[in-house]
file work-v7.txt (compact mmCIF, C-alpha atoms)
# COMPACT_ATOMS: atom_id res chain seq x y z
CA MET A 1 105.41 152.58 121.77
CA ASP A 2 107.60 149.93 120.20
CA GLU A 3 107.57 149.66 116.42
CA THR A 4 106.81 145.96 116.69
CA VAL A 5 103.77 146.58 118.85
CA ALA A 6 102.47 149.15 116.39
CA GLU A 7 102.90 146.70 113.56
CA PHE A 8 101.21 143.97 115.56
CA ILE A 9 98.18 146.15 116.30
CA LYS A 10 98.01 147.31 112.70
CA ARG A 11 97.96 143.75 111.34
CA THR A 12 95.44 142.62 113.91
CA ILE A 13 93.02 145.42 113.10
CA LEU A 14 93.44 144.85 109.36
CA LYS A 15 92.14 141.34 109.80
CA ILE A 16 88.96 142.44 111.50
CA ARG A 17 85.84 142.66 109.39
CA MET A 18 84.54 146.20 109.09
CA ASN A 19 81.12 145.41 110.50
CA GLU A 20 82.66 143.88 113.61
CA LEU A 21 85.36 146.47 114.17
CA LEU A 22 83.51 148.77 116.50
CA THR A 23 82.21 145.88 118.61
CA ILE A 24 85.66 144.46 118.99
CA LEU A 25 87.24 147.79 119.84
CA LYS A 26 84.57 148.31 122.49
CA ALA A 27 85.24 144.86 123.89
CA TRP A 28 88.96 145.61 123.95
CA ASP A 29 88.24 148.63 126.11
CA PHE A 30 91.62 150.21 125.48
CA LEU A 31 90.43 153.23 123.53
CA PRO A 32 87.73 155.04 125.51
CA GLU A 33 84.23 155.05 124.07
CA ASN A 34 84.03 158.79 123.61
CA GLN A 35 87.16 158.57 121.49
CA LEU A 36 85.75 155.69 119.42
CA GLN A 37 82.71 157.82 118.70
CA THR A 38 84.85 160.46 117.05
CA ILE A 39 86.28 158.00 114.53
CA ASN A 40 84.86 157.82 111.05
CA PHE A 41 84.32 154.14 110.42
CA ARG A 42 83.25 154.70 106.86
CA GLN A 43 86.60 155.80 105.55
CA ARG A 44 88.90 153.50 103.64
CA LYS A 45 90.30 150.73 105.75
CA GLU A 46 93.96 151.67 105.45
CA SER A 47 93.42 155.22 106.66
CA LEU A 48 91.10 154.05 109.41
CA VAL A 49 93.69 151.59 110.63
CA GLN A 50 96.40 154.23 110.57
CA HIS A 51 94.18 156.54 112.59
CA LEU A 52 93.50 153.82 115.15
CA VAL A 53 97.17 152.92 115.45
CA ARG A 54 98.01 156.58 116.04
CA LEU A 55 95.43 156.70 118.81
CA CYS A 56 96.95 153.60 120.35
CA GLU A 57 100.38 155.18 120.18
CA GLU A 58 99.11 158.25 121.97
CA LYS A 59 97.80 156.02 124.70
CA HIS A 60 101.10 154.07 124.83
CA ALA A 61 99.70 150.67 124.04
CA SER A 62 101.86 147.87 125.36
CA LEU A 63 102.47 144.39 124.03
CA ASN A 64 99.93 143.06 126.55
CA ASP A 65 97.25 145.33 125.19
CA ALA A 66 98.05 144.26 121.66
CA ALA A 67 97.94 140.62 122.60
CA LEU A 68 94.58 141.09 124.24
CA LEU A 69 93.20 142.60 121.06
CA ASP A 70 94.55 139.70 119.08
CA ILE A 71 92.77 137.22 121.32
CA ILE A 72 89.48 139.10 121.15
CA CYS A 73 89.64 139.14 117.37
CA GLU A 74 89.32 135.46 116.96
CA ASP A 75 86.05 134.39 115.49
CA VAL A 76 85.06 132.06 118.23
CA ASP A 77 81.84 130.23 118.46
CA LEU A 78 81.52 129.44 122.15
CA PHE A 79 78.92 126.81 121.56
CA ASP A 80 81.14 124.67 119.45
CA MET A 81 83.68 123.20 121.85
CA LYS A 82 85.81 121.57 119.19
CA GLN A 83 86.12 124.75 117.20
CA PHE A 84 86.77 126.68 120.36
CA LYS A 85 89.60 124.37 121.29
CA ASN A 86 91.16 124.62 117.84
CA SER A 87 90.87 128.37 117.81
CA PHE A 88 92.19 128.71 121.31
CA LYS A 89 95.14 126.50 120.45
CA LYS A 90 95.90 128.66 117.41
CA ILE A 91 95.60 131.79 119.52
CA LEU A 92 98.04 130.42 122.04
CA GLN A 93 100.50 129.32 119.40
CA ARG A 94 100.35 132.67 117.73
CA ALA A 95 100.69 134.50 121.05
CA LEU A 96 103.65 132.30 121.88
CA LYS A 97 105.33 132.97 118.57
CA ASN A 98 104.73 136.68 118.92
CA ALA A 99 106.06 136.69 122.43
CA LEU A 100 109.14 134.77 121.39
CA THR A 101 109.70 137.12 118.49
CA VAL A 102 109.57 140.18 120.65
CA ALA A 103 111.49 138.57 123.47
CA SER A 104 114.35 137.61 121.24
CA LYS A 105 114.22 140.83 119.27
CA HIS A 106 114.31 138.83 116.09
CA HIS A 107 111.66 139.64 113.65
CA GLN A 108 111.81 136.44 111.80
CA ILE A 109 111.78 133.05 113.39
CA VAL A 110 112.16 130.35 110.84
CA LYS A 111 109.33 127.88 111.00
CA MET A 112 110.06 125.60 113.91
CA ASP A 113 108.46 122.33 114.62
CA LEU A 114 108.89 122.77 118.30
CA ARG A 115 105.79 122.88 120.38
CA SER A 116 105.49 123.01 124.14
CA ARG A 117 103.55 124.84 126.79
CA TYR A 118 106.59 126.01 128.64
CA LEU A 119 107.85 129.22 127.15
CA GLU A 120 111.03 129.28 129.19
CA SER A 121 111.99 125.79 128.11
CA LEU A 122 111.19 126.48 124.48
CA LYS A 123 113.29 129.58 124.59
CA ALA A 124 116.07 127.66 126.30
CA ILE A 125 116.08 124.99 123.65
CA VAL A 126 115.83 127.41 120.76
CA PHE A 127 118.63 129.54 121.95
CA LYS A 128 120.63 126.66 123.48
CA GLN A 129 120.72 128.28 126.88
CA TYR A 130 120.08 125.24 129.02
CA ASN A 131 123.63 124.16 129.52
CA GLN A 132 125.22 127.50 130.20
CA THR A 133 125.11 127.39 133.98
CA PHE A 134 126.79 124.02 134.19
CA GLU A 135 129.60 124.21 131.71
CA THR A 136 132.24 124.02 134.41
CA HIS A 137 130.96 120.85 136.05
CA ASN A 138 133.61 119.04 137.99
CA SER A 139 133.58 115.36 137.22
CA THR A 140 136.22 114.20 139.64
CA THR A 141 133.81 113.05 142.35
CA PRO A 142 133.53 109.28 142.23
CA LEU A 143 130.46 107.93 140.52
CA GLN A 144 128.98 106.24 143.56
CA GLU A 145 128.79 109.45 145.54
CA ARG A 146 126.98 111.48 142.98
CA ASN A 147 123.24 111.49 143.20
CA LEU A 148 122.38 110.30 139.73
CA GLY A 149 119.44 108.20 140.82
CA LEU A 150 121.71 105.41 142.02
CA ASP A 151 121.27 104.57 145.65
CA ILE A 152 124.03 102.13 146.40
CA ASN A 153 123.20 100.55 149.70
CA MET A 154 125.87 100.64 152.31
CA ASP A 155 124.80 97.26 153.70
CA SER A 156 127.72 94.97 153.02
CA ARG A 157 125.43 91.98 152.74
CA ILE A 158 124.16 93.34 149.43
CA ILE A 159 126.51 92.95 146.53
CA HIS A 160 125.94 94.60 143.17
CA GLU A 161 127.28 92.33 140.51
CA ASN A 162 127.04 94.71 137.59
CA ILE A 163 128.81 97.79 138.95
CA ALA A 164 130.84 98.14 135.78
CA GLU A 165 127.70 98.03 133.66
CA LYS A 166 125.98 100.60 135.91
CA GLU A 167 128.91 102.95 135.57
CA ARG A 168 128.88 102.54 131.82
CA VAL A 169 125.19 103.42 131.71
CA GLN A 170 125.70 106.46 133.94
CA GLN A 171 128.54 107.68 131.78
CA ILE A 172 126.58 107.31 128.56
CA THR A 173 123.56 109.02 130.11
CA GLN A 174 125.68 111.87 131.33
CA LYS A 175 127.31 112.28 127.95
CA THR A 176 123.96 112.31 126.18
CA PHE A 177 121.95 114.45 128.56
CA GLY A 178 124.51 116.24 130.68
CA ASP A 179 124.30 116.88 134.39
CA TYR A 180 122.01 119.88 134.20
CA PRO A 181 118.21 119.79 134.54
CA GLN A 182 116.53 119.13 131.21
CA PRO A 183 114.28 121.70 129.53
CA GLN A 184 110.66 120.90 130.11
CA LEU A 185 108.88 119.28 127.20
CA GLU A 186 105.60 117.38 127.23
CA PHE A 187 105.48 115.59 123.89
CA ALA A 188 107.49 113.95 121.22
CA GLN A 189 105.67 112.70 118.18
CA TYR A 190 106.96 110.45 115.44
CA LYS A 191 105.07 109.98 112.22
CA LEU A 192 106.33 106.82 110.63
CA GLU A 193 106.03 106.09 106.96
CA THR A 194 108.28 103.11 106.75
CA LYS A 195 108.02 99.60 105.53
CA PHE A 196 107.23 97.16 108.26
CA LYS A 197 110.25 95.12 109.30
CA SER A 198 109.72 91.85 111.07
CA ASP A 199 111.87 89.04 112.35
CA LEU A 200 109.06 86.57 111.94
CA ASN A 201 109.00 84.78 108.63
CA GLY A 202 105.80 84.99 106.73
CA SER A 203 104.46 87.92 108.65
CA ILE A 204 101.63 89.39 106.64
CA LEU A 205 102.59 92.98 107.34
CA ALA A 206 106.18 92.47 106.26
CA GLU A 207 105.23 91.52 102.74
CA ARG A 208 103.53 94.78 101.98
CA GLU A 209 105.18 97.05 99.46
CA GLU A 210 103.49 100.16 100.74
CA PRO A 211 104.90 101.80 103.78
CA LEU A 212 103.10 101.39 107.06
CA ARG A 213 101.81 104.63 108.44
CA CYS A 214 101.69 104.98 112.12
CA LEU A 215 101.95 107.68 114.73
CA ILE A 216 103.85 107.30 117.96
CA LYS A 217 103.47 109.90 120.62
CA PHE A 218 105.39 110.10 123.86
CA SER A 219 103.90 112.34 126.48
CA SER A 220 104.97 113.12 130.00
CA PRO A 221 104.90 116.03 132.42
CA HIS A 222 108.64 116.20 131.89
CA LEU A 223 109.61 114.14 128.86
CA LEU A 224 113.33 114.80 128.71
CA GLU A 225 113.90 113.98 132.38
CA ALA A 226 111.91 110.79 131.87
CA LEU A 227 114.05 109.80 128.88
CA LYS A 228 117.18 110.59 130.86
CA SER A 229 116.15 108.23 133.65
CA LEU A 230 115.19 105.31 131.38
CA ALA A 231 118.59 103.63 131.19
CA PRO A 232 119.66 104.15 134.83
CA ALA A 233 116.30 102.75 135.95
CA GLY A 234 116.87 99.63 133.89
CA ILE A 235 113.86 100.18 131.67
CA ALA A 236 115.86 100.58 128.49
CA ASP A 237 119.32 99.85 127.17
CA ALA A 238 121.94 102.54 126.95
CA PRO A 239 122.61 104.24 124.60
CA LEU A 240 119.08 105.28 123.81
CA SER A 241 117.92 105.56 120.26
CA PRO A 242 119.21 108.76 118.63
CA LEU A 243 115.63 109.49 117.62
CA LEU A 244 114.95 110.19 121.29
CA THR A 245 118.19 111.83 122.30
CA CYS A 246 118.35 114.27 119.42
CA ILE A 247 115.30 116.23 120.54
CA PRO A 248 117.04 119.12 122.28
CA ASN A 249 119.87 119.28 119.74
CA LYS A 250 117.71 119.28 116.66
CA ARG A 251 115.19 121.62 118.30
CA MET A 252 112.38 119.44 117.11
CA ASN A 253 109.85 117.30 118.81
CA TYR A 254 107.67 116.45 115.85
CA PHE A 255 109.36 114.07 113.45
CA LYS A 256 108.51 112.41 110.18
CA ILE A 257 110.39 109.24 109.51
CA ARG A 258 110.66 107.65 106.12
CA ASP A 259 112.77 104.85 104.67
CA LYS A 260 115.93 106.02 103.01
CA MET B 1 133.19 80.33 133.21
CA SER B 2 130.06 81.94 131.96
CA VAL B 3 127.61 79.36 133.27
CA LEU B 4 126.44 79.34 136.85
CA ARG B 5 126.67 75.99 138.53
CA PRO B 6 125.14 75.20 141.89
CA LEU B 7 127.78 72.98 143.35
CA ASP B 8 131.04 74.30 141.96
CA LYS B 9 132.06 75.95 145.23
CA LEU B 10 132.14 74.89 148.82
CA PRO B 11 129.50 76.40 151.05
CA ARG B 12 130.54 78.91 153.65
CA LEU B 13 129.69 78.27 157.26
CA ASN B 14 126.09 79.16 158.03
CA THR B 15 125.89 81.41 154.98
CA ALA B 16 123.05 81.44 152.49
CA THR B 17 123.43 83.42 149.29
CA ILE B 18 120.64 84.48 146.98
CA LEU B 19 121.05 86.01 143.55
CA LEU B 20 118.33 88.37 142.31
CA VAL B 21 118.40 88.92 138.58
CA GLY B 22 116.32 91.72 137.02
CA THR B 23 116.57 94.87 134.93
CA GLU B 24 115.13 97.30 137.45
CA ASP B 25 117.76 97.90 140.05
CA ALA B 26 115.51 99.92 142.34
CA LEU B 27 113.08 97.01 142.73
CA LEU B 28 115.86 94.51 143.42
CA GLN B 29 117.38 96.86 145.95
CA GLN B 30 114.10 97.24 147.80
CA LEU B 31 113.53 93.50 147.86
CA ALA B 32 117.06 92.92 149.14
CA ASP B 33 116.51 95.45 151.92
CA SER B 34 113.26 93.76 152.91
CA MET B 35 114.89 90.35 153.01
CA LEU B 36 117.74 91.56 155.19
CA LYS B 37 115.26 92.95 157.70
CA GLU B 38 114.05 89.41 158.42
CA ASP B 39 115.19 87.61 161.50
CA CYS B 40 117.24 84.73 160.28
CA ALA B 41 119.56 82.26 161.95
CA SER B 42 121.66 82.02 158.80
CA GLU B 43 123.93 84.74 157.58
CA LEU B 44 122.33 86.14 154.45
CA LYS B 45 124.02 87.52 151.41
CA VAL B 46 122.08 89.10 148.56
CA HIS B 47 123.65 89.53 145.15
CA LEU B 48 121.96 91.82 142.65
CA ALA B 49 122.56 91.47 138.95
CA LYS B 50 120.98 93.05 135.92
CA SER B 51 121.61 89.99 133.77
CA LEU B 52 123.73 86.90 133.32
CA PRO B 53 126.50 86.02 132.77
CA LEU B 54 127.97 87.57 135.87
CA PRO B 55 131.34 89.25 135.66
CA SER B 56 133.90 86.64 136.58
CA SER B 57 134.89 86.79 140.19
CA VAL B 58 136.70 84.26 142.29
CA ASN B 59 135.38 85.72 145.54
CA ARG B 60 131.75 85.11 144.89
CA PRO B 61 130.26 82.56 147.30
CA ARG B 62 128.23 79.58 146.20
CA ILE B 63 124.80 80.68 145.09
CA ASP B 64 121.97 78.79 146.75
CA LEU B 65 118.94 80.30 145.06
CA ILE B 66 118.44 82.37 141.92
CA VAL B 67 115.34 84.53 141.59
CA PHE B 68 114.55 85.97 138.18
CA VAL B 69 112.49 89.10 138.68
CA VAL B 70 110.32 89.93 135.69
CA ASN B 71 108.36 93.15 135.48
CA LEU B 72 105.12 92.36 133.68
CA HIS B 73 105.02 95.94 132.43
CA SER B 74 108.20 95.53 130.45
CA LYS B 75 108.93 93.23 127.54
CA TYR B 76 112.54 94.28 127.92
CA SER B 77 112.51 92.74 131.40
CA LEU B 78 111.24 89.41 130.06
CA GLN B 79 113.69 89.40 127.19
CA ASN B 80 116.55 90.02 129.61
CA THR B 81 115.45 87.08 131.75
CA GLU B 82 115.14 84.75 128.77
CA GLU B 83 118.66 85.60 127.65
CA SER B 84 120.09 85.23 131.14
CA LEU B 85 118.56 81.78 131.57
CA HIS B 86 120.97 80.43 128.98
CA HIS B 87 123.81 81.04 131.39
CA VAL B 88 122.45 78.85 134.15
CA ASP B 89 123.47 75.26 134.36
CA ALA B 90 120.66 72.71 134.10
CA SER B 91 121.29 71.34 137.58
CA PHE B 92 120.25 74.67 139.08
CA PHE B 93 116.72 73.95 138.00
CA LEU B 94 116.36 71.24 140.62
CA GLY B 95 114.72 73.62 143.04
CA LYS B 96 117.27 76.41 143.14
CA VAL B 97 115.63 78.73 140.67
CA CYS B 98 112.37 80.57 140.87
CA PHE B 99 110.59 83.25 138.89
CA LEU B 100 109.06 86.31 140.48
CA ALA B 101 106.60 88.34 138.44
CA THR B 102 105.84 91.85 139.59
CA GLY B 103 103.32 94.38 138.38
CA ALA B 104 100.29 92.13 137.98
CA GLY B 105 98.27 94.50 140.16
CA ARG B 106 98.22 97.21 137.49
CA GLU B 107 96.74 95.18 134.70
CA SER B 108 96.40 98.05 132.28
CA HIS B 109 100.16 98.48 132.33
CA CYS B 110 100.94 94.82 131.71
CA SER B 111 102.45 94.05 128.35
CA ILE B 112 103.36 90.47 129.20
CA HIS B 113 100.59 87.99 129.35
CA ARG B 114 100.32 85.89 132.48
CA HIS B 115 100.29 82.83 130.30
CA THR B 116 103.75 83.69 128.99
CA MET B 117 105.16 83.60 132.50
CA VAL B 118 103.38 80.36 133.34
CA LYS B 119 104.80 78.79 130.21
CA LEU B 120 108.30 80.04 131.00
CA ALA B 121 108.20 78.65 134.53
CA HIS B 122 106.82 75.40 133.24
CA THR B 123 109.59 75.11 130.65
CA TYR B 124 112.21 75.50 133.33
CA GLN B 125 110.35 73.35 135.85
CA SER B 126 110.57 76.08 138.45
CA PRO B 127 108.04 77.80 140.68
CA LEU B 128 106.46 81.08 139.66
CA LEU B 129 105.63 83.61 142.34
CA TYR B 130 103.61 86.79 141.95
CA CYS B 131 104.24 89.87 144.02
CA ASP B 132 103.81 93.58 143.45
CA LEU B 133 107.23 94.56 144.72
CA GLU B 134 106.32 98.23 144.75
CA VAL B 135 103.81 97.67 147.53
CA GLU B 136 105.64 97.53 150.83
CA GLY B 137 103.33 95.08 152.56
CA PHE B 138 103.39 92.56 149.71
CA ARG B 139 107.12 92.98 149.36
CA ALA B 140 107.72 92.24 153.05
CA THR B 141 105.66 89.06 152.83
CA MET B 142 107.49 87.91 149.72
CA ALA B 143 110.82 88.72 151.36
CA GLN B 144 109.88 86.49 154.28
CA ARG B 145 108.94 83.68 151.92
CA LEU B 146 112.17 84.01 149.94
CA VAL B 147 114.28 83.92 153.09
CA ARG B 148 112.64 80.65 154.14
CA MET B 149 113.11 79.22 150.65
CA LEU B 150 116.72 80.35 150.64
CA GLN B 151 117.43 78.64 153.94
CA MET B 152 116.03 75.38 152.60
CA CYS B 153 118.02 75.66 149.38
CA ALA B 154 121.18 76.30 151.35
CA GLY B 155 120.53 73.17 153.36
CA HIS B 156 120.01 75.03 156.62
CA VAL B 157 116.68 73.39 157.38
CA PRO B 158 117.14 69.84 158.57
CA GLY B 159 115.21 67.28 156.57
CA VAL B 160 114.25 69.59 153.72
CA SER B 161 116.25 70.02 150.54
CA ALA B 162 115.74 72.21 147.52
CA LEU B 163 114.36 69.25 145.61
CA ASN B 164 111.87 68.45 148.37
CA LEU B 165 110.72 72.02 148.32
CA LEU B 166 110.29 71.93 144.57
CA SER B 167 108.11 68.85 144.60
CA LEU B 168 106.06 70.27 147.47
CA LEU B 169 105.45 73.47 145.56
CA ARG B 170 104.71 71.55 142.38
CA SER B 171 101.98 69.43 143.87
CA SER B 172 100.18 72.38 145.41
CA GLU B 173 100.04 74.25 142.11
CA GLY B 174 96.85 74.48 140.12
CA PRO B 175 95.96 72.38 137.11
CA SER B 176 98.75 71.58 134.69
CA LEU B 177 99.32 73.62 131.58
CA GLU B 178 97.44 71.16 129.38
CA ASP B 179 94.30 71.45 131.46
CA MET B 180 94.18 75.23 131.16
call {"tool": "encode", "arguments": {"input": "work-v7.txt", "output": "structure tokens"}}
result
Amino acid sequence: MDETVAEFIKRTILKIRMNELLTILKAWDFLPENQLQTINFRQRKESLVQHLVRLCEEKHASLNDAALLDIICEDVDLFDMKQFKNSFKKILQRALKNALTVASKHHQIVKMDLRSRYLESLKAIVFKQYNQTFETHNSTTPLQERNLGLDINMDSRIIHENIAEKERVQQITQKTFGDYPQPQLEFAQYKLETKFKSDLNGSILAEREEPLRCLIKFSSPHLLEALKSLAPAGIADAPLSPLLTCIPNKRMNYFKIRDK
Amino acid sequence: MSVLRPLDKLPRLNTATILLVGTEDALLQQLADSMLKEDCASELKVHLAKSLPLPSSVNRPRIDLIVFVVNLHSKYSLQNTEESLHHVDASFFLGKVCFLATGAGRESHCSIHRHTMVKLAHTYQSPLLYCDLEVEGFRATMAQRLVRMLQMCAGHVPGVSALNLLSLLRSSEGPSLEDM
């Protein structure tokens, strides 16, 4: 059994209250009941835990088994939906962090403000793997032929006046986001604590000395692809705000913004 | 020259040219395709532009009708139109300009108030049309209408000029802005 898994199990069991331990171990159903009956649950916690971990080792507990125990250990009140949701979210985040830790064989991941449901994408962003397959992209094909969301009609009766502008936008978009598929992210959140700036004279909000607090959240089934298509679709100007484009580079999608 | 003028070029034989101005290229493209599907005695040319001024080009034909497409879901779209309007000569607004607002069907997505569009059209003395360009059926109908308007503005319909059309459309509109 991996050292990490042993440590994981040990820490999980240490958190369990003594009076609940047997119930939880029974619910876990990894150690057979007849074996549980042979354990002295009245001994000191450290020695009890060591004994249990040894038993788990003998049975070759895997990371999955350990994770299952972790989930069972949560003090969850099923009748309180709000608490359940909070607890479940914490369980998932912890499971995710544990999985990432083991997967990357690093034992310490510095606190990251990067949250997403897609483990692969998170991993890709954290370890900057998302552009590796496409590093040798050949950019000699003319812009019009590449399928970058531009469908230039072959009907000669339609004339696009702003071809130069379109090409500029495509180039900027490509430079910012690259040609490869974006990692999948569902949210970006910006907590603003800045003074309100307004073009209008005499705006009430602009005269306040205190910063305005507001929260802006972008959500999408595939946020980065959506951001990438904003300028080519004509919904926003290119280049996009660096606050949006820095998400994969800074490995953050929760930001706090204050005045300098 | 950065200002569009309606009569600075000679017309081409039997050709009618429309200029669609709007930020969302996909919508303009679809509308252009729909217009070109129409049966039309005149030879149609559709120019698509994101904004004005247009890049200078000697080969561009005379433009007979300008349609400013505004997406009611996007303030950026309105802002782009307002800025582009400054590059249109005043004489264009004698029936050769119209506004087309799209997206009114999905009211929850609208960030531009209908009143804003009405006021804009009123300021420029030009008709305001509504059409959800994303819906194929509505788009086809609007395309038909625009082709007819274009033919009149190009002078291809005997007895009807752009100015006639404008006054016809004006009188069939609802109550004036002051009465609202």
call {"tool": "closest_atom_pairs", "arguments": {"input": "work-v7.txt", "of": "chain A", "to": "chain B", "cutoff": "6 Å", "atoms": "all atoms listed in the file", "output": "tab-separated table"}}
result
residue	atom	partner	partner_atom	distance
A:Arg157	CA	B:Lys45	CA	4.9
A:Ile158	CA	B:Val46	CA	4.8
A:Ile159	CA	B:His47	CA	4.7
A:His160	CA	B:Leu48	CA	4.9
A:Glu161	CA	B:Ala49	CA	5.0
A:Asn162	CA	B:Ala49	CA	5.7
A:Ala233	CA	B:Glu24	CA	5.8
A:Gly234	CA	B:Glu24	CA	4.6
call {"tool": "residues_around", "arguments": {"input": "work-v7.txt", "residues": "Pro211 (chain A)", "least_positions_apart": "2", "cutoff": "9 Å", "atoms": "all atoms listed in the file", "output": "PyMOL selection string"}}
result
chain A and resi 192-196+208-209+213+258-259
call {"tool": "closest_residue", "arguments": {"input": "work-v7.txt", "among": "A:Val53, A:Cys246, A:Ala61, A:Met18", "to": "Phe41 (chain A)", "atoms": "all atoms listed in the file"}}
result
A:Met18
call {"tool": "residues_around", "arguments": {"input": "work-v7.txt", "residues": "Leu25 (chain A)", "least_positions_apart": "4", "cutoff": "10 Å", "atoms": "all atoms listed in the file", "output": "ChimeraX atom specification"}}
result
/A:13,20-21,29-33,36,52,69,72-73
call {"tool": "closest_residue", "arguments": {"input": "work-v7.txt", "among": "B:Leu120, B:Leu169, B:Ala101, B:Val67", "to": "Glu82 (chain B)", "atoms": "only C-alpha atoms"}}
result
B:Leu120
call {"tool": "closest_residue", "arguments": {"input": "work-v7.txt", "among": "B:Lys96, B:Lys37, B:His115, B:Arg170", "to": "Met152 (chain B)", "atoms": "only C-alpha atoms"}}
result
B:Lys96
call {"tool": "residues_near_point", "arguments": {"input": "work-v7.txt", "point": "(121.4, 72.3, 135.0)", "cutoff": "12 Å", "atoms": "all atoms listed in the file", "output": "number ranges by chain"}}
result
B: 3-7, 85-97, 124-126
call {"tool": "atom_distance", "arguments": {"input": "work-v7.txt", "atom1": "CA of Ala121 (chain B)", "atom2": "CA of Asp8 (chain B)"}}
result
24.4 Å
call {"tool": "residues_near_point", "arguments": {"input": "work-v7.txt", "point": "(123.7, 104.3, 122.6)", "cutoff": "9 Å", "atoms": "only C-alpha atoms", "output": "list in words"}}
result
Ile172, Thr173, Thr176, Asp237, Ala238, Pro239, Leu240, Ser241 and Pro242 of chain A
call {"tool": "residues_around", "arguments": {"input": "work-v7.txt", "residues": "Leu10 (chain B)", "least_positions_apart": "6", "cutoff": "12 Å", "atoms": "only C-alpha atoms", "output": "tab-separated table (two decimals) with C-alpha atoms, in the frame of the given file"}}
result
chain	number	residue	atom	x	y	z
B	16	ALA	CA	123.05	81.44	152.49
B	59	ASN	CA	135.38	85.72	145.54
B	60	ARG	CA	131.75	85.11	144.89
B	61	PRO	CA	130.26	82.56	147.30
B	62	ARG	CA	128.23	79.58	146.20
B	63	ILE	CA	124.80	80.68	145.09
B	64	ASP	CA	121.97	78.79	146.75
B	154	ALA	CA	121.18	76.30	151.35
call {"tool": "atom_distance", "arguments": {"input": "work-v7.txt", "atom1": "CA of Leu133 (chain B)", "atom2": "CA of Leu230 (chain A)"}}
result
18.9 Å
call {"tool": "closest_residue", "arguments": {"input": "work-v7.txt", "among": "B:Arg12, B:Gly103, B:Glu83, B:Ala41", "to": "Arg139 (chain B)", "atoms": "only C-alpha atoms"}}
result
B:Gly103
call {"tool": "atom_distance", "arguments": {"input": "work-v7.txt", "atom1": "CA of Pro127 (chain B)", "atom2": "CA of Leu166 (chain B)"}}
result
7.4 Å
